[in-house]
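Source file: input_39.txt; contents: compact mmCIF, C-alpha atoms.
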```txt
# COMPACT_ATOMS: atom_id res chain seq x y z
CA MET A 1 -40.07 -12.98 27.91
CA ARG A 2 -41.16 -10.45 25.34
CA ILE A 3 -38.25 -8.19 26.22
CA ILE A 4 -35.78 -11.01 25.70
CA ILE A 5 -37.22 -11.73 22.26
CA ASN A 6 -37.07 -8.02 21.39
CA VAL A 7 -33.44 -7.77 22.44
CA ALA A 8 -32.59 -10.97 20.57
CA ILE A 9 -34.17 -9.64 17.36
CA VAL A 10 -32.31 -6.32 17.63
CA LEU A 11 -29.00 -8.06 18.37
CA PHE A 12 -29.50 -10.52 15.51
CA ILE A 13 -30.20 -7.80 12.96
CA GLY A 14 -27.40 -5.61 14.33
CA LEU A 15 -24.69 -8.26 14.35
CA LEU A 16 -25.69 -9.78 11.02
CA VAL A 17 -26.11 -6.56 9.04
CA GLY A 18 -23.19 -4.79 10.77
CA GLY A 19 -20.78 -7.68 10.28
CA LEU A 20 -21.79 -8.40 6.70
CA SER A 21 -21.69 -4.76 5.66
CA ALA A 22 -18.22 -4.27 7.17
CA ASN A 23 -16.97 -7.40 5.40
CA PHE A 24 -18.62 -6.28 2.17
CA ALA A 25 -17.04 -2.82 2.38
CA LEU A 26 -13.58 -4.41 2.65
CA GLN A 27 -14.01 -7.24 0.13
CA ARG A 28 -15.53 -5.09 -2.54
CA SER A 29 -12.94 -3.67 -4.87
CA HIS A 30 -14.89 -0.48 -5.53
CA GLY A 31 -15.22 0.29 -1.87
CA ILE A 32 -15.80 3.38 0.17
CA GLY A 33 -12.93 5.87 -0.05
CA ALA A 34 -11.74 4.41 -3.35
CA VAL A 35 -11.08 6.07 -6.71
CA ASN A 36 -12.65 4.05 -9.51
CA THR A 37 -12.05 4.02 -13.26
CA GLY A 38 -13.72 1.20 -15.14
CA PRO A 39 -12.75 -2.06 -13.44
CA TRP A 40 -9.80 -0.42 -11.67
CA SER A 41 -9.97 0.83 -8.14
CA ALA A 42 -7.35 2.60 -6.03
CA ARG A 43 -7.20 3.80 -2.46
CA PRO A 44 -4.97 6.85 -2.22
CA PHE A 45 -3.22 6.75 1.13
CA VAL A 46 -2.99 10.34 2.19
CA GLY A 47 -0.69 10.76 5.15
CA GLY A 48 -1.19 12.86 8.21
CA ALA A 49 -4.44 13.27 10.03
CA GLN A 50 -6.74 12.56 7.08
CA ILE A 51 -6.45 8.80 7.07
CA ASP A 52 -9.57 7.13 5.78
CA PRO A 53 -10.47 4.30 8.21
CA TYR A 54 -11.61 2.07 5.32
CA THR A 55 -8.26 2.45 3.56
CA SER A 56 -6.45 1.63 6.77
CA ALA A 57 -8.67 -1.40 7.50
CA LYS A 58 -8.35 -2.70 3.94
CA ALA A 59 -4.54 -2.52 4.02
CA THR A 60 -4.49 -4.35 7.35
CA SER A 61 -6.88 -7.10 6.35
CA ASP A 62 -5.07 -7.63 3.01
CA GLY A 63 -1.65 -7.86 4.63
CA THR A 64 -0.19 -5.33 2.22
CA ILE A 65 2.05 -2.36 2.83
CA PRO A 66 0.40 0.62 1.19
CA LEU A 67 2.11 3.15 -1.06
CA GLY A 68 2.48 6.72 0.15
CA ALA A 69 1.25 9.60 -1.99
CA ALA A 70 4.80 10.53 -3.08
CA GLU A 71 5.58 6.91 -3.93
CA GLY A 72 2.67 6.10 -6.15
CA LEU A 73 -0.78 4.59 -6.40
CA ALA A 74 -1.88 0.97 -6.74
CA PHE A 75 -4.95 0.15 -8.84
CA GLU A 76 -6.60 -3.19 -8.28
CA ALA A 77 -8.96 -5.00 -10.66
CA ILE A 78 -10.88 -8.19 -9.99
CA HIS A 79 -13.34 -7.82 -12.88
CA ASP A 80 -12.99 -7.37 -16.62
CA GLN A 81 -14.52 -4.46 -18.53
CA ASP A 82 -17.94 -6.18 -18.65
CA GLY A 83 -18.01 -6.87 -14.92
CA ASN A 84 -17.14 -10.59 -15.02
CA ARG A 85 -14.78 -11.93 -12.38
CA LEU A 86 -11.20 -12.41 -13.68
CA GLN A 87 -10.54 -16.14 -14.12
CA LYS A 88 -7.14 -17.83 -14.48
CA GLU A 89 -8.44 -20.21 -17.15
CA CYS A 90 -9.45 -17.30 -19.41
CA SER A 91 -7.25 -15.03 -21.49
CA TYR A 92 -7.48 -11.25 -21.46
CA GLU A 93 -6.13 -8.26 -23.30
CA ILE A 94 -5.26 -5.17 -21.32
CA ALA A 95 -5.18 -2.35 -23.83
CA GLY A 96 -4.89 1.40 -23.74
CA ASP A 97 -2.68 3.69 -21.72
CA THR A 98 -2.16 4.73 -18.12
CA SER A 99 -2.09 8.13 -16.51
CA SER A 100 1.34 9.70 -16.59
CA ALA A 101 3.81 8.11 -14.21
CA ARG A 102 7.56 7.69 -14.13
CA LEU A 103 7.16 3.96 -14.25
CA TRP A 104 4.55 1.35 -13.56
CA THR A 105 4.26 -2.37 -12.96
CA LEU A 106 1.37 -4.71 -13.66
CA SER A 107 1.16 -7.96 -11.69
CA ALA A 108 -1.30 -10.84 -11.46
CA TYR A 109 -1.96 -12.33 -8.02
CA ASP A 110 -3.94 -15.32 -6.86
CA GLU A 111 -6.45 -15.01 -4.04
CA THR A 112 -3.83 -15.46 -1.32
CA GLY A 113 -1.91 -12.42 -2.57
CA GLN A 114 0.96 -14.36 -4.17
CA LEU A 115 2.08 -14.00 -7.79
CA ILE A 116 0.37 -16.66 -9.93
CA VAL A 117 3.64 -17.65 -11.64
CA ASN A 118 6.85 -16.89 -9.79
CA ASP A 119 9.70 -18.92 -11.29
CA PRO A 120 13.27 -17.69 -11.75
CA VAL A 121 12.62 -17.22 -15.46
CA LEU A 122 8.94 -16.38 -15.58
CA ILE A 123 6.81 -14.14 -13.37
CA SER A 124 3.22 -12.97 -13.71
CA ALA A 125 4.24 -9.35 -13.86
CA ILE A 126 5.41 -6.75 -16.33
CA TYR A 127 7.36 -3.51 -15.98
CA SER A 128 6.66 -0.41 -18.07
CA GLY A 129 10.34 0.05 -18.99
CA THR A 130 10.48 -3.22 -20.93
CA LEU A 131 7.06 -2.87 -22.54
CA VAL A 132 6.44 -3.01 -26.29
CA ARG A 133 4.29 -0.02 -27.26
CA TYR A 134 2.50 1.34 -30.30
CA PRO A 135 3.75 4.61 -31.84
CA ASP A 136 1.07 6.57 -29.93
CA SER A 137 2.49 5.09 -26.66
CA SER A 138 -0.55 2.90 -26.05
CA PHE A 139 0.03 -0.78 -25.41
CA VAL A 140 -1.56 -4.22 -25.26
CA VAL A 141 -0.67 -6.73 -22.55
CA LYS A 142 -1.96 -10.26 -23.03
CA VAL A 143 -2.80 -12.33 -19.96
CA SER A 144 -3.09 -16.04 -20.68
CA GLU A 145 -1.75 -19.44 -19.85
CA LYS A 146 -0.21 -20.01 -23.30
CA PRO A 147 2.69 -17.79 -24.43
CA LYS A 148 1.71 -14.83 -26.62
CA SER A 149 3.73 -12.49 -28.79
CA GLY A 150 4.33 -8.97 -27.56
CA ASN A 151 3.66 -8.18 -23.91
CA TRP A 152 2.57 -11.28 -22.05
CA ILE A 153 1.70 -12.05 -18.44
CA PRO A 154 1.58 -15.80 -17.79
CA THR A 155 -1.11 -17.43 -15.66
CA LYS A 156 -1.82 -21.02 -14.76
CA GLY A 157 -4.39 -23.07 -12.93
CA GLU A 158 -8.01 -22.19 -12.34
CA GLY A 159 -9.98 -19.83 -10.19
CA ASN A 160 -10.19 -16.14 -9.49
CA PHE A 161 -7.26 -13.80 -9.73
CA LYS A 162 -6.64 -10.10 -9.50
CA LEU A 163 -4.51 -7.57 -11.34
CA ILE A 164 -2.66 -4.76 -9.63
CA LEU A 165 -1.29 -1.88 -11.69
CA ARG A 166 1.02 0.31 -9.66
CA LEU A 167 1.89 3.77 -10.91
CA TYR A 168 5.09 5.02 -9.28
CA ASP A 169 5.87 8.71 -8.88
CA THR A 170 2.66 9.85 -10.49
CA PRO A 171 1.18 13.36 -10.37
CA ILE A 172 -2.34 12.01 -9.90
CA THR A 173 -1.72 11.55 -6.16
CA SER A 174 -0.84 15.20 -5.63
CA ASN A 175 -2.75 17.10 -3.00
CA SER A 176 -5.07 18.66 -5.53
CA GLY A 177 -6.91 15.38 -5.43
CA VAL A 178 -7.01 12.35 -7.63
CA ILE A 179 -8.55 13.44 -10.90
CA ASP A 180 -10.02 10.97 -13.31
CA PRO A 181 -7.09 8.65 -13.86
CA GLN A 182 -6.67 7.11 -17.30
CA MET A 183 -6.43 3.34 -17.16
CA PRO A 184 -6.28 0.56 -19.77
CA ARG A 185 -9.31 -1.58 -20.58
CA ILE A 186 -9.47 -5.24 -19.60
CA LYS A 187 -11.03 -7.24 -22.42
CA LEU A 188 -12.01 -10.89 -22.17
CA ILE A 189 -10.66 -12.85 -25.17
CA GLY A 190 -11.87 -16.34 -24.38
CA CYS A 191 -11.91 -19.15 -21.89
CA GLU A 192 -10.69 -22.73 -22.10
CA SER A 193 -13.27 -25.13 -20.90
CA MET B 194 -47.44 -6.39 15.90
CA ASN B 195 -46.28 -4.73 12.68
CA ALA B 196 -45.36 -1.49 14.40
CA ARG B 197 -43.31 -3.46 16.90
CA LEU B 198 -41.43 -5.27 14.12
CA ILE B 199 -40.63 -2.01 12.34
CA TYR B 200 -39.45 -0.49 15.59
CA LEU B 201 -37.22 -3.49 16.30
CA SER B 202 -35.81 -3.45 12.77
CA VAL B 203 -34.93 0.22 13.07
CA CYS B 204 -33.19 -0.46 16.39
CA GLY B 205 -31.38 -3.42 14.79
CA LEU B 206 -30.19 -1.31 11.87
CA LEU B 207 -28.95 1.40 14.23
CA LEU B 208 -27.00 -1.26 16.11
CA ALA B 209 -25.73 -2.58 12.76
CA GLY B 210 -24.36 0.85 11.92
CA ILE B 211 -22.55 1.04 15.23
CA ILE B 212 -21.13 -2.48 14.84
CA HIS B 213 -20.02 -1.72 11.27
CA ILE B 214 -18.06 1.33 12.45
CA ILE B 215 -16.55 -0.53 15.40
CA ILE B 216 -15.35 -3.39 13.16
CA ILE B 217 -13.77 -1.02 10.62
CA LEU B 218 -12.01 0.97 13.34
CA LEU B 219 -10.84 -2.12 15.25
CA ILE B 220 -9.34 -4.01 12.29
CA PRO B 221 -6.02 -2.10 12.38
CA PHE B 222 -5.64 -3.22 16.01
CA LEU B 223 -6.78 -6.80 15.64
CA GLY B 224 -5.73 -7.85 12.12
CA SER B 225 -3.48 -10.92 12.12
CA LYS B 226 -2.16 -10.75 8.54
CA ASP B 227 -1.08 -7.20 9.27
CA ALA B 228 2.35 -6.45 7.81
CA ALA B 229 2.89 -3.60 10.29
CA LYS B 230 2.23 -5.92 13.22
CA GLN B 231 4.73 -8.47 11.93
CA ILE B 232 7.35 -5.76 11.60
CA ALA B 233 6.58 -4.40 15.07
CA SER B 234 6.82 -7.78 16.76
CA GLN B 235 9.70 -9.46 14.93
CA LEU B 236 12.35 -6.84 14.24
CA ASN B 237 14.89 -4.94 16.32
CA THR B 238 14.96 -1.18 16.22
CA GLN B 239 17.55 0.94 14.43
CA GLN B 240 18.53 -1.61 11.83
CA PHE B 241 17.45 -2.15 8.23
CA TYR B 242 16.06 -5.56 7.30
CA SER B 243 15.31 -6.75 3.83
CA ILE B 244 11.70 -7.90 3.56
CA GLY B 245 9.43 -9.01 0.74
CA ASN B 246 10.25 -11.68 -1.84
CA GLY B 247 11.72 -14.78 -0.21
CA SER B 248 11.83 -13.37 3.32
CA LYS B 249 10.05 -14.73 6.37
CA PHE B 250 7.49 -11.95 6.14
CA GLY B 251 4.18 -12.86 4.64
CA ILE B 252 3.54 -9.65 2.78
CA SER B 253 0.72 -10.07 0.31
CA ASN B 254 0.50 -8.50 -3.13
CA ASN B 255 4.19 -7.74 -3.16
CA ASP B 256 5.54 -5.96 -6.25
CA PRO B 257 8.18 -8.28 -7.78
CA PHE B 258 10.04 -5.34 -9.34
CA LEU B 259 10.73 -3.60 -6.07
CA LYS B 260 13.01 -4.61 -3.24
CA LEU B 261 11.97 -3.58 0.24
CA SER B 262 13.99 -2.75 3.30
CA VAL B 263 12.54 -1.77 6.65
CA CYS B 264 13.84 -0.17 9.84
CA LYS B 265 11.84 0.01 13.04
CA PHE B 266 12.34 3.03 15.28
CA ASP B 267 11.44 4.26 18.73
CA LEU B 268 11.63 8.00 19.32
CA THR B 269 11.23 7.87 23.10
CA ASN B 270 14.91 8.40 23.85
CA THR B 271 16.42 9.57 20.60
CA ALA B 272 15.53 10.98 17.23
CA ILE B 273 16.35 8.83 14.19
CA GLN B 274 18.35 9.78 11.16
CA ILE B 275 18.00 7.85 7.90
CA VAL B 276 20.82 8.31 5.41
CA GLY B 277 21.58 6.56 2.16
CA GLN B 278 23.82 6.90 -0.87
CA LYS B 279 22.66 8.23 -4.20
CA ALA B 280 21.21 5.56 -6.43
CA LYS B 281 20.83 5.15 -10.18
CA THR B 282 17.52 3.38 -9.81
CA PHE B 283 14.11 4.65 -8.70
CA TRP B 284 13.64 4.52 -4.95
CA SER B 285 11.08 5.74 -2.49
CA ALA B 286 10.82 5.97 1.26
CA SER B 287 7.83 6.16 3.55
CA VAL B 288 7.50 6.65 7.29
CA PHE B 289 4.77 4.64 8.99
CA ASP B 290 3.40 4.76 12.49
CA GLU B 291 3.17 1.58 14.54
CA ARG B 292 -0.20 0.67 13.09
CA GLY B 293 0.98 0.88 9.49
CA ARG B 294 -0.44 4.30 8.66
CA ILE B 295 1.70 6.50 6.47
CA ILE B 296 2.98 9.67 8.10
CA TYR B 297 5.27 10.82 5.31
CA SER B 298 6.43 9.59 1.92
CA MET B 299 9.01 10.70 -0.62
CA ASN B 300 10.85 9.45 -3.70
CA ASP B 301 14.30 10.09 -5.14
CA ARG B 302 13.10 13.14 -7.08
CA THR B 303 11.37 14.80 -4.16
CA ALA B 304 14.42 14.25 -1.93
CA ILE B 305 16.91 17.06 -1.38
CA LYS B 306 19.67 16.59 -4.00
CA ASN B 307 18.17 13.18 -4.80
CA GLN B 308 19.69 11.81 -1.64
CA LEU B 309 18.07 9.90 1.18
CA ARG B 310 18.39 12.10 4.26
CA VAL B 311 15.53 12.07 6.69
CA ILE B 312 15.40 12.93 10.38
CA ILE B 313 12.41 11.62 12.29
CA VAL B 314 11.63 13.43 15.51
CA ASN B 315 8.90 13.58 18.11
CA PRO B 316 7.37 16.99 18.94
CA ILE B 317 9.77 17.64 21.84
CA GLN B 318 12.83 16.86 19.75
CA MET B 319 11.37 19.08 17.04
CA ALA B 320 11.32 21.96 19.51
CA TYR B 321 14.99 21.32 20.32
CA ILE B 322 15.89 21.32 16.65
CA ARG B 323 14.06 24.59 16.08
CA GLN B 324 16.10 26.13 18.86
CA THR B 325 19.51 24.81 17.90
CA GLN B 326 19.17 24.77 14.09
CA PRO B 327 21.81 22.06 13.56
CA GLU B 328 23.59 21.92 10.21
CA GLU B 329 22.18 18.55 9.19
CA VAL B 330 18.70 19.99 9.08
CA GLU B 331 19.52 22.02 5.99
CA SER B 332 20.22 18.92 3.91
CA SER B 333 17.64 16.63 5.53
CA ILE B 334 13.90 16.30 5.48
CA LEU B 335 12.44 16.65 8.97
CA VAL B 336 9.51 14.41 9.75
CA GLU B 337 7.63 15.02 12.96
CA SER B 338 5.85 11.99 14.35
CA GLN B 339 3.19 12.17 17.06
CA ASN B 340 3.66 8.47 17.76
CA MET B 341 6.88 7.35 19.41
CA LYS B 342 7.07 4.08 17.51
CA GLY B 343 6.98 3.34 13.84
CA PHE B 344 9.02 2.15 10.91
CA VAL B 345 10.66 3.43 7.75
CA LEU B 346 10.24 1.48 4.53
CA LEU B 347 12.56 1.86 1.55
CA ARG B 348 11.66 0.58 -1.90
CA ALA B 349 14.16 0.29 -4.73
CA LEU B 350 13.30 -0.64 -8.31
CA VAL B 351 14.89 -3.75 -9.85
CA PRO B 352 13.71 -3.94 -13.48
CA ASP B 353 15.78 -7.11 -13.98
CA ASP B 354 18.63 -8.97 -12.31
CA SER B 355 21.29 -6.78 -13.90
CA TRP B 356 19.99 -3.93 -11.72
CA ASN B 357 20.48 -5.89 -8.50
CA SER B 358 23.83 -4.24 -7.75
CA HIS B 359 22.30 -0.74 -7.99
CA SER B 360 19.30 -1.44 -5.81
CA ASP B 361 21.26 -3.57 -3.33
CA GLY B 362 23.94 -0.89 -3.20
CA PHE B 363 21.32 1.67 -2.28
CA LEU B 364 19.46 -0.49 0.22
CA ASN B 365 22.65 -1.78 1.88
CA SER B 366 24.07 1.73 2.16
CA ALA B 367 20.97 2.92 4.02
CA GLU B 368 21.53 3.54 7.69
CA CYS B 369 19.06 4.00 10.49
CA ILE B 370 20.96 5.65 13.31
CA PRO B 371 20.17 7.60 16.46
CA TYR B 372 20.34 11.35 16.07
CA ASN B 373 21.18 13.43 19.09
CA THR B 374 18.96 16.50 19.29
CA ASN B 375 19.75 17.84 22.73
CA ILE B 376 23.37 18.77 22.29
CA ALA B 377 24.38 22.33 22.94
CA ILE B 378 21.17 23.35 24.61
CA THR B 379 22.10 25.93 27.16
CA PRO B 380 19.66 28.10 29.04
CA GLU B 381 19.54 31.64 27.72
CA SER B 382 21.85 33.79 29.80
```
Would you give me this structure, written as C-alpha cells?
Amino acid sequence: MRIIINVAIVLFIGLLVGGLSANFALQRSHGIGAVNTGPWSARPFVGGAQIDPYTSAKATSDGTIPLGAAEGLAFEAIHDQDGNRLQKECSYEIAGDTSSARLWTLSAYDETGQLIVNDPVLISAIYSGTLVRYPDSSFVVKVSEKPKSGNWIPTKGEGNFKLILRLYDTPITSNSGVIDPQMPRIKLIGCES
Amino acid sequence: MNARLIYLSVCGLLLAGIIHIIIILLIPFLGSKDAAKQIASQLNTQQFYSIGNGSKFGISNNDPFLKLSVCKFDLTNTAIQIVGQKAKTFWSASVFDERGRIIYSMNDRTAIKNQLRVIIVNPIQMAYIRQTQPEEVESSILVESQNMKGFVLLRALVPDDSWNSHSDGFLNSAECIPYNTNIAITPES
C-alpha cells in the first residue's frame, strides 16, 4: 500500500510540474532560447544541426512558419514597456528605431494568430517602406481603435493581443550571433473603460 | 516521515524534468496546428502552391505584406531544382525538412546574380554531382538534405496592391522540377 502511495506522489509531482513547466516554456514570450530586448522577444532559427528544440516546439505549437536566418527575424511582444499585457481596448505608442534591416513589417494579431483588422482597405499592420519618420529616422506608430494621424495600426474589440515586428534581411541574424538588437519602446497611452 | 516526503519530492522533480524534455521533443511530431504537417499531408510534390492569406491553410501569425508559395519535394528518386525569374521586389526562399525545421535559407541579395536557382540533393546525389560537375551547379546554390522529404517556401514582398504583378510574376514563374543527377556517370576506365 505504501509503495502505491509513494509511486502516486512521484507520478503526480512529475506529471504536474513537467507538464506545466513545458507549457510555461512555450507560452512565455521570453522563453528559453530566445533573444530579448525590452518587451520584444525573438527566436533565431539557425538551420542545420543546431536547432534549438524549444524554438522548434514553439513554431509547431503556434502554427507558424518560421523565418530562416537569411530571411529575417521576427520579434514578438505581448507586454508593454512596463510589463502590462497588451490590451485591444487600450492605445499604445511604439516609438524609437529598429536594428538595421532592408525592410520590416509590424503587425497586430489576436490570440488565435489572425490579424485584428483585416479588411480590404484597412489592416492591422504597417510596412517600413510607407512609414512616416522623423529626420533622425526614428518613428512613432500609434496602435488604437480610433484613427490617429501619422503611422497608425487599427485595433478593435477587447482582450489580449500581440505585436510581431519582422525584420527582413537583417545583419543581426548573421552567424556571429544575435547582438543586442535595437527595438522601439511600447508605451501605454490610455485605456477606454 | 519528513525524510520520506523530501525523497519523494526529489524523485517527482526528476520525473518532471524527464517529462518536460519528452513533451518539448515530441511536440514537433504531435502538434496538430503544425503548418509543416498540413503541407506534408495536403499537397502534391513538385508543384508550387500559393498559401497564406485566403488559402485553405490555417497558418497563424501570417505577415500580410508577404505572399507565400510552397513546393513539397521527395528526394528519394530524384534531386529537385528550383528556378525562378528575377524579381523587382524583395523575396526569400527557405528549405525545410518534413518536420518544419529550416535546413537552408536565402534572399534575393544572397542569391547568385539575384536569381532563384537552387538544387536540393540528398547525400548520394551530392556525391554524383561532385563527380560529374554539371554546368548548372555553377549558377545554382546546392543544398544537401539529410532527410528525403521536405518543402521549399518562397516569400515575396507586396507593399501594396500595385506590387501584386511583380510578386505574382515572381511566384508564378517559380518552378519545382526534378533534376537528373546520374546522367553521364561512367565507371572509370
Pick out the chain B residues within 8 Å of chain A. Count only C-alpha atoms. Give them as a PDB file with C-alpha atoms, in the frame of the given file.
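Heads up, here's the output in iface.pdb:
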```pdb
ATOM      1  CA  LEU B 201     -37.220  -3.490  16.300  1.00  0.00           C
ATOM      2  CA  SER B 202     -35.810  -3.450  12.770  1.00  0.00           C
ATOM      3  CA  CYS B 204     -33.190  -0.460  16.390  1.00  0.00           C
ATOM      4  CA  GLY B 205     -31.380  -3.420  14.790  1.00  0.00           C
ATOM      5  CA  LEU B 206     -30.190  -1.310  11.870  1.00  0.00           C
ATOM      6  CA  LEU B 207     -28.950   1.400  14.230  1.00  0.00           C
ATOM      7  CA  LEU B 208     -27.000  -1.260  16.110  1.00  0.00           C
ATOM      8  CA  ALA B 209     -25.730  -2.580  12.760  1.00  0.00           C
ATOM      9  CA  GLY B 210     -24.360   0.850  11.920  1.00  0.00           C
ATOM     10  CA  ILE B 211     -22.550   1.040  15.230  1.00  0.00           C
ATOM     11  CA  ILE B 212     -21.130  -2.480  14.840  1.00  0.00           C
ATOM     12  CA  HIS B 213     -20.020  -1.720  11.270  1.00  0.00           C
ATOM     13  CA  ILE B 214     -18.060   1.330  12.450  1.00  0.00           C
ATOM     14  CA  ILE B 216     -15.350  -3.390  13.160  1.00  0.00           C
ATOM     15  CA  ILE B 217     -13.770  -1.020  10.620  1.00  0.00           C
ATOM     16  CA  LEU B 218     -12.010   0.970  13.340  1.00  0.00           C
ATOM     17  CA  ILE B 220      -9.340  -4.010  12.290  1.00  0.00           C
ATOM     18  CA  PRO B 221      -6.020  -2.100  12.380  1.00  0.00           C
ATOM     19  CA  GLY B 224      -5.730  -7.850  12.120  1.00  0.00           C
ATOM     20  CA  SER B 225      -3.480 -10.920  12.120  1.00  0.00           C
ATOM     21  CA  LYS B 226      -2.160 -10.750   8.540  1.00  0.00           C
ATOM     22  CA  ASP B 227      -1.080  -7.200   9.270  1.00  0.00           C
ATOM     23  CA  ALA B 228       2.350  -6.450   7.810  1.00  0.00           C
ATOM     24  CA  ALA B 229       2.890  -3.600  10.290  1.00  0.00           C
ATOM     25  CA  GLY B 251       4.180 -12.860   4.640  1.00  0.00           C
ATOM     26  CA  ILE B 252       3.540  -9.650   2.780  1.00  0.00           C
ATOM     27  CA  SER B 253       0.720 -10.070   0.310  1.00  0.00           C
ATOM     28  CA  ASN B 254       0.500  -8.500  -3.130  1.00  0.00           C
ATOM     29  CA  ASN B 255       4.190  -7.740  -3.160  1.00  0.00           C
ATOM     30  CA  ASP B 256       5.540  -5.960  -6.250  1.00  0.00           C
ATOM     31  CA  PRO B 257       8.180  -8.280  -7.780  1.00  0.00           C
ATOM     32  CA  PHE B 258      10.040  -5.340  -9.340  1.00  0.00           C
ATOM     33  CA  SER B 285      11.080   5.740  -2.490  1.00  0.00           C
ATOM     34  CA  ALA B 286      10.820   5.970   1.260  1.00  0.00           C
ATOM     35  CA  SER B 287       7.830   6.160   3.550  1.00  0.00           C
ATOM     36  CA  GLY B 293       0.980   0.880   9.490  1.00  0.00           C
ATOM     37  CA  ARG B 294      -0.440   4.300   8.660  1.00  0.00           C
ATOM     38  CA  ILE B 295       1.700   6.500   6.470  1.00  0.00           C
ATOM     39  CA  ILE B 296       2.980   9.670   8.100  1.00  0.00           C
ATOM     40  CA  TYR B 297       5.270  10.820   5.310  1.00  0.00           C
ATOM     41  CA  SER B 298       6.430   9.590   1.920  1.00  0.00           C
ATOM     42  CA  MET B 299       9.010  10.700  -0.620  1.00  0.00           C
ATOM     43  CA  ASN B 300      10.850   9.450  -3.700  1.00  0.00           C
ATOM     44  CA  THR B 303      11.370  14.800  -4.160  1.00  0.00           C
ATOM     45  CA  PRO B 352      13.710  -3.940 -13.480  1.00  0.00           C
TER      46      PRO B 352
END
```
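Using only C-alpha atoms, the contacts of Leu364 (chain B) at a cut-off of 10 Å, with sequence neighbours closer than 5 positions omitted, comprise Phe241, Tyr242, Ser243, Lys260, Leu261, Ser262, Val263, Gly277, Gln278, Ala280, Trp284, Leu347, Arg348, Ala349, Ser358 and His359 of chain B.
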Selection near Tyr372 (chain B), 7 Å with all atoms listed in the file, sequence-local residues under 4 positions removed, as a ChimeraX atom specification: /B:271-274
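Each of A:Ser144, A:Ser149, A:Ser99, A:Gln27 was checked against Leu131 (chain A) using all atoms listed in the file; the smallest atom-to-atom distance is that of A:Ser149.
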Skipping near chain neighbours, those fewer than 6 positions away, what residues fall within 9 Å of Met319 (chain B) using all atoms listed in the file, listed as a CSV table (one decimal) with C-alpha atoms, in the coordinates of the input?
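What follows is the written file out_14.csv:
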```
chain,number,residue,atom,x,y,z
B,313,ILE,CA,12.4,11.6,12.3
B,335,LEU,CA,12.4,16.6,9.0
B,336,VAL,CA,9.5,14.4,9.8
B,337,GLU,CA,7.6,15.0,13.0
B,374,THR,CA,19.0,16.5,19.3
```
